[in-house]
Each structure stands twice: as C-alpha cells, then as structure tokens.
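Peer 1: Structure in structure tokens, see below.
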Amino acid sequence: MEFLLVLFLLSGQIKAFMQFFGLNLPVDFTLITGALLLGFTAYKLIRKNNFSTNNISFFGIGLLLLFYAWMIFSLFYTHSEQYSREKTFYFLLNIAAFSVPFFFNQFNIKRFIRIFVLSTVVLALGLLPFQYLDLLKNVTEPTDGGAYTAIGGLYLSLSEYMGLILILILTMREGNVFSRNYDVLIILFVLGLMVLLGARGPIVFALIVYSFFRLSKITKIHFTIKTKSLVLLSSVFCLLSLLVFLMTRFPATDTLLRHSLYRFYSLLGGAVDGGTADHSSTVRLVLAQEAFTGIFKDIGSFLFGYGTGSFGIMTTGSDIRLYPHNMILEIWFDLGLVGLMVFFVWIVYILTKLRGQPNQYLSYWLMFYIFLNLMKSSSLVDIRTEFAIFALFAVQNFLVVKEPKPALA
C-alpha cells in the first residue's frame, strides 16, 4: 500500500518522463494509479469485512466532501464551460489522496517516508541531465524554447518535495528515517540537488521554517560556544564548501550552479540594482493582482466567486487552465468567501483535533512549510501530495504498526 500511494502521488512527475520518451498510455497514468489505489483499498476493506476508525476520519473526510459539494454547486454559475468540469473532476484525486490513509490502521508511515524520499531523489537525479541539455539548447538557439523545457518544468514540484524531505527529517521528533548518518547524507545530497535545480522558493521556505524551528528550541541564551557545537558547525561548513567546489569542477554541474545563482540574483534584482524582478516573479504578482481585483469587484464575487475554473476566462477571455499561484486567492476567486471558509474550517478542525498529540514523524513545521509553498505556486488540483501528507499528519498518532519481536536468545 505504501509503495502504491507513493506511485500515485508522484505519477505526474513519472508521466512527464514517460511522455518525453514517447511512452503514451491510452489512459492517463495518474488515473491508472489512482484507480489501482482505490481498488486495493476497497479490496482490503471487503476482505477485512469490518472498519473502525477515529471520529477525525469521518469529520475530516466529511468536511472535505462538503467543500467539494460547493465546488459542484458552483458549476451552475461558473463562467467556465470546459475547464470547470476538468478541474472539478481532478479534485477527486485530492480527495482520494487524503482519504486513503484513514482506511488502514496498520499503514506503515515510516516505510512510506522512505519510499517517498528515495523515489523523489531518483526523479530529481533523472531530471538534472534534461535541465543541463535544455540550458545548452537555449544558449545555442536563443529563439527556441528548448526541446527539454517541458520536462524541465518538473524542477519546481520536485524541489518542493525535496524541501519537504529536508524539513521532515530536520524536525522529526523521534528516531530517524533511515539512520542518523544516512539521514545527514540525505540532507546534504537533497540540498545539493535543490541548488542545482534552481529551486528558489523551496530553499528559501525551508531555510525560514528551519530557522523558526531552531529558534523555538532556545530556552536559554548562553554566550559560550561548546566545543561540540563548534566542531559540528565547522564540519557542516567544510562539507558544504567541498560540495560547492566539486560542483564547479564538472562542466554540467557548474552550468547548473551558475544558472541557479543567476535565478537567485534575478529574484533580488529590484533590491540589488534597482531593476525589475525576474519574469516568473512578475507574472505571479500580476496574477495575484488580477485575482484581488476580481474578488473585490462586487459583493457577489466576494461571497460566491465566479465559479470553479473561472480564473482563466475572466482574466484572459479564454476558457483555459490558469490560476493565481496562491491557494487562498484561487479558492476565493472561484468559490468566494463561502468556499474559502469551508476550506478553512476543514483545516482548522483537523489541526485542533491534533493538539497535544506527539506527532512523531510529521510536525507542524512541515505543515508550515507546505503552507508557504501553496502561497506561491501550484493549482488546487495539483496538490494531492500535500493532501496525502496532511492526512498522514493526522493519522500518524492513531496508526497501529506491529514492531518485529526481538529474537529469543
């Protein structure tokens, strides 16, 4: 089950690789993995012939279904005729990703984390050559978008997942994902991959969240530095310096590193030299401004929105997939304040029900990291991984995992 859930969550990234190599399936790969996941869930429940769970499962899933019901209702007044139906259908994948973990009281969350970590790292490693070749293509043919641009767009989602891995490992309350040494290596390796992929937002957000996490652990301030702490900081600095040095020794990693540094510089262009921000940031600001303008246009749009999937047709005149790269603005624009309140009630209900729980694997800091990312990227129908992580955050305290018995001497 753990492997199948990971396959479903990463199916979009896997599908991009498949399409690049011409492996086009007659049925969407995400729908195939989703059907397998739901089918396996149904099989397990039928075979078990009984089902018991906590109240948080019923009310959590119920409130999410209430939000989905409002999405369906908005189809009666939406300005979108085509994309609205597509968006409503694909939101079902989020519901599936959130609901499935609640049906398995012996779901092994640690095994899931391990499979997710290894799968994400493998996909990110596989993406690096495509990004490098795309950069070379754009240098030799500046007017061409590059044959690898489409698959290169995966850098953002994979970088967000790797940032998620960083925060998960660094804020885990007890134990390790693999072992202490392996977890340290994974942290350094994942951080290097994020830098090479040019992940600005995930790196910045991971740094912000981890900084707040460390500050929250401070109970007393001492003006002395322990030898152990000094050695640790020196070791980390030396390892990072060595990592950067090795990156500059190879043409491919050096090219990717220079591209990443340029992206960070362009992000701060306005503050550094008085210029304008890069194209990506500018587009996001424009979309956010258009969303604000539409939301506060009149009382109807403020309370009820323009209907599911309406952002594209209301801002460009074409019934296309377009979103303001901000979850709150997207929900408010489509479903109004009513839809936004239902969505917030769902989140607040689950978070309040988990107060005082140990949260051994997934922490509130991880939820904070996910929230920051959803404020700058992704559409509401592209975040099934985040929905699944939110579900696992809830059920981690109720899962019954049988530990292997120690061997008798």
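Ordering of the structure tokens sets the chain letters (A, B, ...); residue numbers start at 1 within each chain; ligands are numbered from 1 in the order shown.
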Find the residues around range 168-178 of chain A up to 10 Å (only C-alpha atoms counted), leave out those fewer than 6 positions away in its own chain, and share them as a list in words.
Peer 2: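 Selected residues are Lys110, Arg111, Ile113, Arg114, Val117, Met162, Val184, Ile186, Ile187, Val209, Tyr210, Phe213, Arg214, Pro358, Asn359, Gln360, Tyr361, Leu362, Ser363, Tyr364, Trp365, Leu366, Met367 and Tyr369 of chain A.
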Peer 1: Of the candidates A:Phe130, A:Phe371, A:Tyr349, A:Phe296, which shows the shortest atom-to-atom distance to Ile328 in chain A, using only C-alpha atoms?
Peer 2: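 The shortest atom-to-atom distance to Ile328 in chain A comes from A:Phe371.
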Peer 1: Using only C-alpha atoms, pick whichever of A:Leu5, A:Leu125, A:Leu207, A:Leu164 has the shortest atom-to-atom distance to Leu193 in chain A.
Peer 2: A:Leu125
